Each structure stands twice: as C-alpha cells, then as structure tokens.
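Q: This one is protein19.txt, compact mmCIF, C-alpha atoms.
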```txt
# COMPACT_ATOMS: atom_id res chain seq x y z
CA MET X 1 -31.66 -8.59 23.94
CA ASP X 2 -33.61 -8.85 20.70
CA TYR X 3 -31.39 -6.18 19.10
CA LEU X 4 -28.17 -7.87 20.21
CA PHE X 5 -29.12 -11.48 19.55
CA LYS X 6 -32.04 -11.26 17.09
CA LEU X 7 -34.35 -13.38 19.23
CA LYS X 8 -37.45 -12.91 17.06
CA GLU X 9 -35.51 -13.68 13.91
CA HIS X 10 -34.39 -16.95 15.50
CA ASN X 11 -37.91 -17.72 16.73
CA THR X 12 -36.89 -17.82 20.38
CA SER X 13 -37.43 -15.85 23.60
CA PHE X 14 -35.53 -14.72 26.66
CA LYS X 15 -37.23 -17.43 28.75
CA THR X 16 -36.23 -20.17 26.32
CA GLU X 17 -32.63 -18.95 26.17
CA LEU X 18 -32.50 -18.67 29.97
CA ILE X 19 -33.70 -22.25 30.43
CA ALA X 20 -31.21 -23.42 27.78
CA ALA X 21 -28.40 -21.55 29.57
CA LEU X 22 -29.29 -23.02 32.95
CA THR X 23 -29.46 -26.49 31.42
CA SER X 24 -26.09 -26.16 29.68
CA PHE X 25 -24.53 -24.66 32.79
CA PHE X 26 -25.61 -27.48 35.08
CA ALA X 27 -24.68 -30.09 32.47
CA ALA X 28 -21.19 -28.63 31.92
CA VAL X 29 -20.29 -27.11 35.29
CA TYR X 30 -18.57 -30.30 36.45
CA ILE X 31 -15.82 -29.43 33.93
CA ILE X 32 -14.60 -26.72 36.31
CA ILE X 33 -13.77 -29.29 38.96
CA VAL X 34 -12.68 -32.12 36.64
CA ASN X 35 -10.41 -29.93 34.50
CA ALA X 36 -8.65 -28.50 37.55
CA SER X 37 -8.26 -32.01 38.96
CA ILE X 38 -6.62 -33.35 35.77
CA LEU X 39 -4.32 -30.33 35.38
CA SER X 40 -3.27 -30.56 39.04
CA ASP X 41 -1.54 -33.86 38.23
CA SER X 42 1.12 -31.70 36.59
CA GLY X 43 2.15 -30.43 40.03
CA ILE X 44 0.14 -27.18 40.22
CA SER X 45 -2.25 -26.86 43.16
CA GLU X 46 -5.94 -27.20 42.33
CA GLU X 47 -7.25 -23.84 43.56
CA PRO X 48 -5.52 -21.58 40.97
CA LEU X 49 -6.52 -24.05 38.27
CA ILE X 50 -10.18 -23.72 39.28
CA ILE X 51 -9.85 -19.93 38.90
CA ALA X 52 -8.15 -20.34 35.52
CA THR X 53 -10.84 -22.74 34.29
CA VAL X 54 -13.66 -20.42 35.40
CA LEU X 55 -12.11 -17.33 33.79
CA ALA X 56 -11.25 -19.16 30.55
CA SER X 57 -14.80 -20.54 30.34
CA PHE X 58 -16.28 -17.11 31.08
CA ILE X 59 -14.23 -15.51 28.28
CA GLY X 60 -14.91 -18.39 25.86
CA CYS X 61 -18.69 -18.17 26.26
CA LEU X 62 -18.62 -14.35 25.97
CA LEU X 63 -16.65 -14.52 22.72
CA THR X 64 -19.02 -17.12 21.31
CA ALA X 65 -22.07 -15.06 22.29
CA PHE X 66 -20.98 -11.83 20.62
CA ILE X 67 -18.88 -13.08 17.69
CA SER X 68 -21.05 -15.95 16.42
CA ASN X 69 -24.43 -15.46 18.16
CA THR X 70 -24.61 -19.19 18.85
CA PRO X 71 -25.62 -20.98 22.09
CA LEU X 72 -22.35 -22.87 22.34
CA ILE X 73 -20.64 -23.38 25.69
CA VAL X 74 -16.87 -23.01 25.33
CA MET X 75 -14.78 -24.50 28.13
CA PRO X 76 -11.46 -26.38 28.46
CA GLY X 77 -11.85 -29.65 26.60
CA MET X 78 -11.98 -33.02 28.28
CA GLY X 79 -9.34 -35.19 26.63
CA ILE X 80 -7.28 -32.21 25.52
CA ASN X 81 -6.52 -31.50 29.19
CA ALA X 82 -5.21 -35.07 29.45
CA LEU X 83 -2.99 -34.50 26.38
CA PHE X 84 -1.76 -31.25 27.98
CA THR X 85 -1.02 -32.82 31.36
CA TYR X 86 0.06 -36.40 30.77
CA THR X 87 1.73 -36.09 27.35
CA ILE X 88 3.08 -32.55 27.02
CA ILE X 89 4.09 -31.98 30.65
CA LEU X 90 4.66 -35.39 32.25
CA THR X 91 5.95 -37.27 29.16
CA MET X 92 7.57 -34.55 27.01
CA ASN X 93 8.82 -32.74 30.12
CA LEU X 94 7.74 -29.21 29.28
CA THR X 95 7.09 -27.18 32.42
CA PHE X 96 3.52 -26.07 33.10
CA ASN X 97 4.28 -22.51 31.99
CA GLU X 98 6.10 -23.70 28.86
CA ALA X 99 3.04 -25.83 28.06
CA LEU X 100 0.87 -22.71 28.48
CA ALA X 101 3.06 -20.99 25.88
CA SER X 102 2.37 -23.93 23.56
CA VAL X 103 -1.37 -23.40 24.11
CA VAL X 104 -1.06 -19.72 23.12
CA VAL X 105 0.93 -20.51 19.95
CA SER X 106 -1.48 -23.30 18.93
CA GLY X 107 -4.37 -20.90 19.54
CA ILE X 108 -2.76 -18.37 17.18
CA LEU X 109 -2.34 -21.06 14.51
CA PHE X 110 -5.96 -22.09 15.05
CA LEU X 111 -7.03 -18.45 14.61
CA VAL X 112 -5.16 -18.26 11.29
CA VAL X 113 -7.08 -21.32 10.10
CA SER X 114 -10.42 -19.88 11.22
CA ILE X 115 -10.12 -16.37 9.72
CA THR X 116 -8.67 -17.41 6.38
CA SER X 117 -10.04 -19.55 3.61
CA LEU X 118 -8.32 -22.53 5.22
CA SER X 119 -11.37 -23.32 7.35
CA LYS X 120 -13.70 -23.31 4.32
CA THR X 121 -11.15 -25.31 2.32
CA LEU X 122 -10.92 -27.87 5.11
CA ASP X 123 -14.70 -27.99 5.47
CA LYS X 124 -15.25 -28.53 1.72
CA ALA X 125 -12.46 -31.07 1.49
CA ILE X 126 -13.93 -33.32 4.16
CA PRO X 127 -16.50 -35.70 2.59
CA SER X 128 -20.05 -35.35 3.95
CA SER X 129 -20.05 -39.03 4.94
CA LEU X 130 -17.03 -38.49 7.21
CA LYS X 131 -18.65 -35.40 8.72
CA GLU X 132 -21.74 -37.43 9.53
CA SER X 133 -19.67 -40.25 10.99
CA ILE X 134 -17.76 -37.80 13.22
CA THR X 135 -21.06 -36.48 14.59
CA ILE X 136 -22.35 -40.03 15.14
CA GLY X 137 -19.10 -41.10 16.78
CA ILE X 138 -19.28 -38.13 19.14
CA GLY X 139 -22.89 -39.09 19.91
CA LEU X 140 -21.79 -42.60 20.91
CA PHE X 141 -18.89 -41.10 22.85
CA ILE X 142 -21.30 -38.88 24.81
CA THR X 143 -23.60 -41.86 25.41
CA PHE X 144 -20.71 -43.93 26.75
CA LEU X 145 -19.70 -41.03 29.00
CA GLY X 146 -23.27 -40.89 30.30
CA LEU X 147 -23.42 -44.63 31.00
CA GLN X 148 -20.05 -44.45 32.73
CA LYS X 149 -20.88 -41.30 34.70
CA GLY X 150 -24.16 -42.89 35.81
CA GLY X 151 -22.28 -45.95 37.03
CA LEU X 152 -24.21 -48.43 34.89
CA ILE X 153 -21.10 -49.38 32.90
CA ILE X 154 -17.98 -50.23 34.89
CA SER X 155 -14.53 -51.58 34.03
CA ASP X 156 -13.76 -55.29 34.13
CA GLN X 157 -10.40 -57.04 33.86
CA THR X 158 -11.80 -59.88 31.75
CA THR X 159 -14.30 -58.18 29.45
CA MET X 160 -12.96 -54.58 29.79
CA VAL X 161 -16.47 -53.28 30.59
CA LYS X 162 -19.56 -54.79 32.17
CA ILE X 163 -22.90 -53.79 33.65
CA ALA X 164 -22.84 -52.80 37.31
CA ASP X 165 -24.70 -54.51 40.15
CA LEU X 166 -28.31 -53.45 39.60
CA SER X 167 -29.11 -53.90 43.29
CA ASN X 168 -26.76 -51.02 44.15
CA PRO X 169 -28.88 -48.06 45.39
CA ARG X 170 -26.80 -45.62 43.31
CA ILE X 171 -27.51 -47.62 40.14
CA LEU X 172 -31.23 -47.72 40.97
CA PHE X 173 -31.06 -43.95 41.50
CA PHE X 174 -29.46 -43.54 38.06
CA LEU X 175 -32.02 -45.78 36.35
CA PHE X 176 -34.85 -43.82 37.97
CA MET X 177 -33.31 -40.54 36.78
CA LEU X 178 -32.79 -41.95 33.28
CA ILE X 179 -36.46 -42.97 33.00
CA LEU X 180 -37.65 -39.66 34.49
CA THR X 181 -35.46 -37.56 32.18
CA ILE X 182 -36.52 -39.51 29.08
CA ILE X 183 -40.21 -39.09 29.98
CA LEU X 184 -39.83 -35.35 30.62
CA PHE X 185 -37.92 -34.90 27.36
CA ALA X 186 -40.30 -37.09 25.32
CA LYS X 187 -43.27 -35.07 26.56
CA ASN X 188 -41.55 -31.87 25.31
CA ILE X 189 -41.73 -30.26 28.76
CA LYS X 190 -39.87 -26.94 28.72
CA GLY X 191 -36.79 -27.11 30.92
CA SER X 192 -36.96 -30.91 31.10
CA PHE X 193 -33.20 -31.31 31.55
CA LEU X 194 -33.03 -28.58 34.19
CA ILE X 195 -36.01 -30.05 36.06
CA SER X 196 -34.36 -33.48 36.09
CA ILE X 197 -31.09 -32.00 37.43
CA ILE X 198 -32.94 -30.23 40.26
CA ILE X 199 -34.97 -33.34 41.14
CA GLY X 200 -31.86 -35.51 40.99
CA SER X 201 -29.95 -33.15 43.29
CA LEU X 202 -32.80 -33.09 45.82
CA ILE X 203 -33.05 -36.89 45.79
CA GLY X 204 -29.27 -37.08 46.22
CA ILE X 205 -29.51 -34.87 49.32
CA ILE X 206 -32.49 -36.73 50.80
CA PHE X 207 -30.87 -40.15 50.44
CA ASN X 208 -27.38 -38.96 51.43
CA PHE X 209 -25.89 -39.65 48.00
CA VAL X 210 -24.16 -36.27 48.27
CA ASP X 211 -22.38 -34.66 51.21
CA ILE X 212 -23.77 -31.23 52.20
CA THR X 213 -22.13 -30.92 55.61
CA ASN X 214 -19.42 -28.48 54.52
CA LEU X 215 -21.41 -26.22 52.21
CA ASN X 216 -20.45 -22.53 52.43
CA PHE X 217 -19.86 -19.47 50.30
CA SER X 218 -16.17 -18.69 49.86
CA LEU X 219 -13.88 -17.03 47.33
CA PRO X 220 -10.78 -18.87 46.14
CA ASN X 221 -7.37 -17.52 47.13
CA PHE X 222 -6.28 -15.34 44.20
CA ASN X 223 -2.75 -14.99 45.58
CA THR X 224 -1.99 -18.54 44.47
CA TYR X 225 -3.20 -17.71 40.94
CA LYS X 226 -0.24 -15.39 40.20
CA GLU X 227 2.05 -18.28 39.26
CA ILE X 228 0.00 -19.15 36.15
CA PHE X 229 -1.93 -15.93 35.32
CA PHE X 230 -0.37 -14.28 32.21
CA ASN X 231 2.80 -16.18 33.02
CA ILE X 232 3.70 -18.16 29.89
CA ASN X 233 7.31 -19.27 29.46
CA LEU X 234 8.77 -19.11 25.94
CA GLY X 235 12.07 -20.65 27.02
CA ALA X 236 11.42 -23.84 25.04
CA LEU X 237 10.25 -22.02 21.89
CA PHE X 238 13.21 -23.14 19.80
CA THR X 239 13.15 -26.77 20.86
CA THR X 240 11.76 -29.70 18.89
CA LYS X 241 9.60 -30.91 21.78
CA PHE X 242 7.86 -27.52 22.00
CA TRP X 243 6.80 -27.65 18.35
CA ILE X 244 5.75 -31.31 18.52
CA ALA X 245 3.56 -30.33 21.49
CA THR X 246 2.21 -27.29 19.67
CA PHE X 247 1.54 -29.25 16.48
CA SER X 248 -0.32 -31.94 18.43
CA LEU X 249 -2.44 -29.38 20.28
CA THR X 250 -3.24 -27.48 17.07
CA LEU X 251 -4.21 -30.66 15.27
CA VAL X 252 -6.50 -31.73 18.10
CA ILE X 253 -8.26 -28.39 18.68
CA VAL X 254 -8.79 -27.65 14.97
CA PHE X 255 -10.25 -31.01 13.98
CA GLU X 256 -12.09 -31.68 17.23
CA ASN X 257 -13.81 -28.29 17.00
CA LEU X 258 -14.57 -28.77 13.31
CA GLY X 259 -16.20 -32.08 14.17
CA LEU X 260 -18.11 -30.70 17.14
CA LEU X 261 -19.28 -27.58 15.30
CA HIS X 262 -20.51 -29.63 12.36
CA GLY X 263 -22.69 -31.61 14.73
CA GLN X 264 -23.85 -28.66 16.84
CA VAL X 265 -24.04 -25.65 14.50
CA SER X 266 -24.69 -27.26 11.12
CA GLY X 267 -26.52 -30.29 12.51
CA LEU X 268 -28.65 -29.42 15.53
CA LEU X 269 -28.88 -25.65 14.97
CA LYS X 270 -29.07 -25.96 11.18
CA SER X 271 -27.04 -22.74 10.85
CA PRO X 272 -23.93 -23.67 8.83
CA GLU X 273 -23.40 -19.98 7.99
CA LYS X 274 -22.43 -19.40 11.64
CA GLN X 275 -19.81 -22.11 11.78
CA ASN X 276 -16.84 -19.95 10.74
CA LYS X 277 -17.65 -17.21 13.24
CA ALA X 278 -18.00 -19.82 15.99
CA LEU X 279 -14.65 -21.28 14.97
CA THR X 280 -13.03 -17.84 15.21
CA ALA X 281 -14.51 -17.23 18.67
CA ILE X 282 -13.20 -20.58 19.91
CA ALA X 283 -9.75 -19.90 18.38
CA ILE X 284 -9.47 -16.61 20.27
CA SER X 285 -10.64 -18.32 23.43
CA ASN X 286 -7.78 -20.81 23.04
CA ILE X 287 -5.25 -17.99 23.08
CA ALA X 288 -6.97 -16.70 26.23
CA CYS X 289 -6.73 -20.16 27.82
CA GLY X 290 -2.94 -20.14 27.63
CA LEU X 291 -2.74 -16.62 29.06
CA LEU X 292 -5.21 -17.38 31.84
CA GLY X 293 -3.45 -20.59 32.84
CA THR X 294 -5.35 -23.60 31.51
CA SER X 295 -5.48 -26.14 28.68
CA PRO X 296 -7.24 -25.40 25.33
CA SER X 297 -10.99 -24.97 25.07
CA VAL X 298 -13.60 -26.53 22.80
CA SER X 299 -17.31 -26.16 22.17
CA THR X 300 -18.32 -28.63 24.88
CA VAL X 301 -20.50 -31.60 24.04
CA GLU X 302 -22.41 -30.86 27.25
CA GLY X 303 -23.46 -27.53 25.74
CA THR X 304 -25.56 -29.53 23.31
CA ALA X 305 -27.98 -29.99 26.22
CA GLY X 306 -28.92 -26.32 25.97
CA ILE X 307 -29.36 -26.56 22.21
CA ALA X 308 -31.63 -29.56 22.68
CA GLU X 309 -33.55 -27.48 25.25
CA GLY X 310 -34.24 -24.78 22.65
CA GLY X 311 -31.23 -22.45 22.85
CA LYS X 312 -30.63 -20.80 19.48
CA THR X 313 -28.65 -17.59 20.05
CA GLY X 314 -25.67 -16.13 21.85
CA LEU X 315 -27.93 -15.10 24.71
CA THR X 316 -27.67 -18.67 25.98
CA SER X 317 -23.86 -18.38 25.97
CA LEU X 318 -23.95 -14.92 27.59
CA ILE X 319 -26.14 -16.08 30.49
CA CYS X 320 -24.01 -19.19 30.87
CA SER X 321 -20.83 -17.09 31.00
CA ILE X 322 -22.28 -15.04 33.86
CA LEU X 323 -23.33 -18.20 35.72
CA ILE X 324 -19.84 -19.65 35.27
CA LEU X 325 -18.23 -16.51 36.71
CA ILE X 326 -20.63 -16.50 39.67
CA SER X 327 -19.82 -20.18 40.21
CA LEU X 328 -16.54 -19.13 41.85
CA LEU X 329 -18.70 -18.48 44.93
CA PHE X 330 -20.48 -21.80 44.66
CA ILE X 331 -17.80 -24.38 43.95
CA PRO X 332 -18.84 -26.46 47.02
CA PHE X 333 -22.49 -26.32 45.89
CA ILE X 334 -21.66 -27.32 42.31
CA ASN X 335 -19.95 -30.40 43.69
CA ILE X 336 -23.20 -31.72 45.19
CA ILE X 337 -24.92 -32.22 41.78
CA PRO X 338 -24.80 -36.03 41.52
CA ASN X 339 -23.46 -37.69 38.39
CA GLU X 340 -26.69 -39.68 38.25
CA ALA X 341 -28.55 -36.43 37.46
CA ILE X 342 -26.16 -35.40 34.67
CA ALA X 343 -25.66 -38.80 33.00
CA PRO X 344 -29.21 -39.23 31.55
CA ILE X 345 -28.88 -35.89 29.75
CA LEU X 346 -25.68 -37.03 28.03
CA ILE X 347 -27.36 -40.27 26.93
CA ILE X 348 -30.32 -38.42 25.40
CA ILE X 349 -27.99 -35.99 23.63
CA GLY X 350 -26.07 -38.95 22.22
CA SER X 351 -29.28 -40.38 20.82
CA LEU X 352 -29.99 -37.08 19.04
CA MET X 353 -26.63 -37.11 17.31
CA ILE X 354 -26.81 -40.50 15.56
CA LYS X 355 -29.75 -39.86 13.22
CA GLY X 356 -27.34 -38.78 10.46
CA ILE X 357 -26.36 -42.43 9.98
CA THR X 358 -29.10 -42.68 7.34
CA ASN X 359 -27.10 -40.21 5.20
CA ILE X 360 -24.13 -42.56 4.87
CA ASN X 361 -24.00 -44.84 1.84
CA PHE X 362 -23.13 -48.20 3.39
CA GLU X 363 -23.53 -49.89 0.01
CA ASP X 364 -20.24 -48.28 -1.06
CA ILE X 365 -17.46 -50.08 0.82
CA SER X 366 -15.04 -47.20 0.23
CA GLU X 367 -17.44 -44.97 2.20
CA ALA X 368 -18.77 -47.55 4.67
CA ILE X 369 -15.51 -48.83 6.18
CA PRO X 370 -13.87 -45.44 6.93
CA CYS X 371 -17.15 -44.14 8.35
CA PHE X 372 -17.58 -47.27 10.47
CA LEU X 373 -14.02 -46.95 11.80
CA THR X 374 -14.64 -43.31 12.70
CA ILE X 375 -17.97 -44.05 14.39
CA ILE X 376 -16.67 -46.97 16.41
CA LEU X 377 -13.18 -45.73 17.31
CA VAL X 378 -14.25 -42.35 18.70
CA PRO X 379 -15.96 -44.01 21.70
CA PHE X 380 -13.73 -47.13 21.80
CA THR X 381 -10.49 -45.12 21.98
CA PHE X 382 -12.17 -42.55 24.24
CA SER X 383 -10.72 -39.94 21.88
CA ILE X 384 -12.49 -37.92 19.20
CA ILE X 385 -9.22 -37.07 17.48
CA ASP X 386 -7.98 -40.71 17.35
CA GLY X 387 -11.25 -41.90 15.83
CA MET X 388 -11.08 -39.12 13.25
CA ALA X 389 -7.47 -40.02 12.44
CA PHE X 390 -8.28 -43.64 11.59
CA GLY X 391 -11.33 -42.54 9.62
CA PHE X 392 -9.46 -40.04 7.46
CA ILE X 393 -6.43 -42.23 6.84
CA SER X 394 -8.53 -45.28 5.91
CA TYR X 395 -10.79 -43.15 3.66
CA THR X 396 -7.81 -41.93 1.66
CA LEU X 397 -6.15 -45.35 1.41
CA ILE X 398 -9.32 -47.18 0.36
CA LYS X 399 -10.20 -44.59 -2.28
CA LEU X 400 -6.63 -44.84 -3.62
CA PHE X 401 -6.63 -48.62 -3.89
CA THR X 402 -10.15 -48.91 -5.32
CA ASN X 403 -9.43 -46.59 -8.27
CA LYS X 404 -11.57 -43.81 -6.79
CA ARG X 405 -8.76 -41.33 -6.34
CA LYS X 406 -10.77 -38.72 -8.29
CA GLU X 407 -13.00 -38.45 -5.22
CA LEU X 408 -10.02 -37.29 -3.17
CA SER X 409 -8.93 -33.66 -3.05
CA PHE X 410 -5.35 -32.56 -2.51
CA VAL X 411 -6.40 -31.28 0.93
CA MET X 412 -7.61 -34.77 1.92
CA TYR X 413 -4.12 -36.14 1.17
CA ILE X 414 -2.62 -33.43 3.38
CA ILE X 415 -5.13 -34.00 6.20
CA SER X 416 -4.57 -37.75 6.12
CA PHE X 417 -0.80 -37.30 6.18
CA VAL X 418 -1.09 -34.89 9.12
CA PHE X 419 -3.25 -37.39 11.01
CA LEU X 420 -0.73 -40.15 10.24
CA LEU X 421 2.06 -37.94 11.52
CA TYR X 422 0.00 -37.23 14.65
CA LEU X 423 -0.43 -40.97 15.34
CA VAL X 424 3.30 -41.60 14.78
CA LEU X 425 4.40 -38.73 17.01
CA ASN X 426 1.99 -39.80 19.73
CA SER X 427 3.49 -43.30 19.63
CA ILE X 428 7.08 -42.13 20.11
```
Please go through the file and, once you have read it, give me the structure as structure tokens.

A:
Amino acid sequence: MDYLFKLKEHNTSFKTELIAALTSFFAAVYIIIVNASILSDSGISEEPLIIATVLASFIGCLLTAFISNTPLIVMPGMGINALFTYTIILTMNLTFNEALASVVVSGILFLVVSITSLSKTLDKAIPSSLKESITIGIGLFITFLGLQKGGLIISDQTTMVKIADLSNPRILFFLFMLILTIILFAKNIKGSFLISIIIGSLIGIIFNFVDITNLNFSLPNFNTYKEIFFNINLGALFTTKFWIATFSLTLVIVFENLGLLHGQVSGLLKSPEKQNKALTAIAISNIACGLLGTSPSVSTVEGTAGIAEGGKTGLTSLICSILILISLLFIPFINIIPNEAIAPILIIIGSLMIKGITNINFEDISEAIPCFLTIILVPFTFSIIDGMAFGFISYTLIKLFTNKRKELSFVMYIISFVFLLYLVLNSI
C-alpha cells in the first residue's frame, strides 16, 4: 500500500485511509439509490440503473485511485442526472440510449480538455477570486442540501422555504445528530463522521425511523441490465439536438469538475499538482458512464467527508470502490441509513469550504459583485453550473465597462460566451 499510494510521503496510514473511505462511502452511498430513481423517470426500470450506477462508481473511484492518487469519490453527479433525464431525454426527446451516446461523446471531449494544455489554460484564465467564490458557493450548496436532507428547512408557498416544526420527532432526531456530530468533529475524534453515521442508524432503528422488516441479501437481476449495458445508440449523431445535448453536458461536467477539484484537491488537500491527473481520471470515467448505462460522473461533494476525516491518497478511493461494488448485495441495508445521520456531515463540510472568503477583495466592486453572484446563485439556483455562469458573465461585463479589460484574458471572453450560450440554449 505504501509503495502504490506513498502513504508515508503523504503522512497518512492505512487505518486513516480506511476510516476516510468508510466515511465517504456512507456519506455518498445514497447516490446509488437517488441516481437510479432520477434516471428511472426516463422510462427505464430502476434495477438496471442501480447496477449501472454501482459499476460506474466502482470504475470512477478505481481510475481516480490509480491515475491521480487522490481520495476523491467519483460517482454520477446529482444535478447532471436531472439534466440528462429531464432536459435531454424528456424535453429534447433523445432516447435513453441516444442520450448515453451523448454522454460518451461529451466524455471524450472532456478527456481532450484534461490531457491537453486546455485544462491548464482554463485554470490559469479563471481569476483566483472566482475560483474561491465557486468553492464557497459549493460549500453553501452542500450546507443547504444538509439542512434540506435533515428536514430542518422545508418548502413554503409564501416564503419559498421555512424552518420545520421543531416538535417533530424527526427534526429533534436531526438536531441531536447535528450537535453530536459537531462535538465529535470539534474534539478531533478519529472517525467522527463514521461514528455519527453508525449512532444515527442505530437510533433510527430503535425509534422506528427506518424500516428494517424486509432486510435481506440479494443480487439484482442482471438480465434486465442488457438493454443499457454497452448499448449506446448513435442514430441521432448528425442531428442538432444531439450536439446541443452533448455541448450542454460537456460544459457542465468540465466546469463543475474544475470547480469541485479546485475546492477539494487544491483547497482541502493542498495538492494542486494532482488536479490535472484527477481531471483525466474523471474524464475517462465519464466515457465509462455512457458505456455502462448512466449519466456523467463528478468528484462528489460527499467525498469531501473522507478528506475532512484525513484521507489523503488513492487508497481511500480504492477501498471506497470495493465497498461500492459490494454494496450490490446490500442495497436494502444502505437504504436504512437515515438522512438525519448524513445531513450533519454535509453541513460541517459546507462550513469548511467557506473560509476562502477572506481571500476575495470585496473593496473592488468589479471583483466583489461577480463573486457575490457566484456564491449566492450556486445554492439559490440549486445548480453549480448556473451560479458559475452568472459569475463568469458578470465578471467579464463589469471588467469591460469599468475600463479593466486588461485584467481579462482571451480565454475568459470565450468562457463567458460559452456560458451565455449555455444559458440561452437551456432557455429554448
């Protein structure tokens, strides 16, 4: 393990990486069920989609482990699966298998970006203030997800959102788990997130917050998987709608992963030299996603839980990939982990990602407004890519009209135009 992943060089151990892997796995494993559920709205039954999600996640984590030696957890992205299902299939009327072909092509384009100088050019062209604001916005996004998943924040017709009834036993359960998880984390107890997940699951069982009556070990039916496994359809390749879909997917996966990796690899891990290799691993995993039958993958925000727990190398990703594969036997058991046990972890992770706000110069309006729009619109639009789009476009426009065009590179003009085109196409 030390030879493969350079544990001593990274000042870590097998035990630390194992705990990080377990933490990331339990924080992210819900994606298997949720992703399959969202994709099933396209008309494909849920069982083959669970298999596809598991296999794509297994491959994604393996690639990340051995190509970049980072503890990232690569799984189908939340939000991108909605774009895949509700926009590309249900609105643009591509069939599921044609949409899978679009995923493969966008993955190839993503790979070209990652293995050429384009990724470095893009990275250098993006101002540091926007990079920080993307990370902060994602932190707020994760926090909002946590508050929503825990049930503390609910929708309201008048005010859009409001606080839930605090007398509800489930809300009290969440608040208890939030306090417990914060205390464990603040006291620097090893495996604090994992411990809180286990305690939360046990409490959920004791107080009947989760149903354990139908728990059993069973393998999914692989016969149903044949309809999407290595079954892409290139019939729409020469149509406009196929390339609009592919362009949209490529735009989202490139910039969302650039934003996520800046926060995770350069920010939390402080290993910017690994960012390109991680990008390449994720790009290859996106090609695999289309072939295996699911929507594109990203470095999950939930994987940040393992990084916060001390994961520093690809060993975390390797162990997590094995756990994900084994999870095919435990899908009913995974379902019993209550949201109230996962939500506090997301909130703590969100808090860790906003400290970069001190690096933004809010005295300069041309920096402050675009960064503010990015930070606030990522959670408010419930979309990382939409928040980034408004941030980049406003940054370019404000710099242009405040006689600071020298601070803009040619690439920034291109990126802003691409984002503008993305917003226009998404509105059609």

Q: Pick the closest to X:Asp123 from X:Leu279, X:Leu421, X:Ile347, X:Ile384: which is it, counting all atoms listed in the file?

A: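 For X:Asp123, the nearest of the given residues is X:Leu279.
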
Q: Quick one: everything within 8 Å of X:Phe25, counting all atoms listed in the file, minus sequence neighbours fewer than 4 positions away in the same chain. Send it as a ChimeraX atom specification.

A: /X:21,29,303,320,323-324

Q: Quick check, in Å to one decimal: how far apart do atom CA of X:Lys149 and atom CA of X:Ile183 lie?

A: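 A separation of 20.0 Å between them.
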
Q: Can you work out which one of X:Thr358, X:Thr396, X:Ser40, X:Gln264 has the shortest atom-to-atom distance to X:Lys312, counting all atoms listed in the file?

A: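 Checking each of X:Thr358, X:Thr396, X:Ser40, X:Gln264 against X:Lys312, counting all atoms listed in the file, the winner is X:Gln264.
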
Q: Could you tell me which of X:Ile398, X:Val210, X:Leu234, X:Ile342 comes closest to X:Leu194 if we count only C-alpha atoms?

A: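 Of X:Ile398, X:Val210, X:Leu234, X:Ile342, the one nearest X:Leu194, counting only C-alpha atoms, is X:Ile342.
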
Q: So how many Å separate atom CA of X:Lys187 and atom CA of X:His262, to one decimal?

A: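 Calculated distance between atom CA of X:Lys187 and atom CA of X:His262 is 27.4 Å.
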
Q: Smallest atom-to-atom distance to X:Glu47: which of X:Pro344, X:Gly290, X:Pro220, X:Gly310, using only C-alpha atoms?

A: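 The shortest atom-to-atom distance to X:Glu47 comes from X:Pro220.
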
Q: Which one is closest to X:Ala343: X:Phe417, X:Trp243, X:Tyr3, X:Phe193? Count only C-alpha atoms.

A: X:Phe193

Q: Neighbours of X:Pro332 within 12 Å (all atoms listed in the file; same-chain residues fewer than 6 positions away dropped), as a ChimeraX atom specification?

A: /X:29-30,32-33,50,210-220

Q: Please save C-alpha atoms of the selected residues as a PDB file, keeping the file's coordinate frame.

A:
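Contents of the output file part-v2.pdb:
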```pdb
ATOM      1  CA  VAL X  29     -20.290 -27.110  35.290  1.00  0.00           C
ATOM      2  CA  TYR X  30     -18.570 -30.300  36.450  1.00  0.00           C
ATOM      3  CA  ILE X  32     -14.600 -26.720  36.310  1.00  0.00           C
ATOM      4  CA  ILE X  33     -13.770 -29.290  38.960  1.00  0.00           C
ATOM      5  CA  ILE X  50     -10.180 -23.720  39.280  1.00  0.00           C
ATOM      6  CA  VAL X 210     -24.160 -36.270  48.270  1.00  0.00           C
ATOM      7  CA  ASP X 211     -22.380 -34.660  51.210  1.00  0.00           C
ATOM      8  CA  ILE X 212     -23.770 -31.230  52.200  1.00  0.00           C
ATOM      9  CA  THR X 213     -22.130 -30.920  55.610  1.00  0.00           C
ATOM     10  CA  ASN X 214     -19.420 -28.480  54.520  1.00  0.00           C
ATOM     11  CA  LEU X 215     -21.410 -26.220  52.210  1.00  0.00           C
ATOM     12  CA  ASN X 216     -20.450 -22.530  52.430  1.00  0.00           C
ATOM     13  CA  PHE X 217     -19.860 -19.470  50.300  1.00  0.00           C
ATOM     14  CA  SER X 218     -16.170 -18.690  49.860  1.00  0.00           C
ATOM     15  CA  LEU X 219     -13.880 -17.030  47.330  1.00  0.00           C
ATOM     16  CA  PRO X 220     -10.780 -18.870  46.140  1.00  0.00           C
TER      17      PRO X 220
END
```

Q: Could you write stretch 2-14 of chain X of the block just shown to a file containing N, CA and C atoms, as a compact mmCIF listing (two decimals), in the first residue's frame?

A:
```txt
# COMPACT_ATOMS: atom_id res chain seq x y z
N ASP X 2 1.95 1.21 0.77
CA ASP X 2 2.82 2.39 0.83
C ASP X 2 3.51 2.61 -0.51
N TYR X 3 3.88 1.51 -1.18
CA TYR X 3 4.53 1.60 -2.49
C TYR X 3 3.57 2.18 -3.53
N LEU X 4 2.33 1.67 -3.52
CA LEU X 4 1.35 2.10 -4.52
C LEU X 4 0.87 3.53 -4.30
N PHE X 5 0.64 3.89 -3.03
CA PHE X 5 -0.02 5.16 -2.74
C PHE X 5 0.83 6.15 -1.94
N LYS X 6 2.08 5.75 -1.63
CA LYS X 6 3.02 6.65 -0.94
C LYS X 6 2.41 7.20 0.36
N LEU X 7 1.99 6.28 1.22
CA LEU X 7 1.32 6.67 2.46
C LEU X 7 2.22 7.50 3.37
N LYS X 8 3.48 7.06 3.55
CA LYS X 8 4.40 7.78 4.43
C LYS X 8 4.68 9.18 3.89
N GLU X 9 4.86 9.25 2.58
CA GLU X 9 5.13 10.55 1.96
C GLU X 9 3.98 11.52 2.18
N HIS X 10 2.77 10.99 2.25
CA HIS X 10 1.59 11.83 2.46
C HIS X 10 1.22 11.94 3.93
N ASN X 11 2.07 11.41 4.79
CA ASN X 11 1.85 11.49 6.24
C ASN X 11 0.49 10.93 6.64
N THR X 12 0.20 9.72 6.16
CA THR X 12 -1.05 9.06 6.48
C THR X 12 -0.80 7.57 6.72
N SER X 13 -1.83 6.83 7.05
CA SER X 13 -1.71 5.40 7.35
C SER X 13 -2.89 4.65 6.77
N PHE X 14 -2.76 3.32 6.75
CA PHE X 14 -3.85 2.50 6.23
C PHE X 14 -5.12 2.72 7.05
```
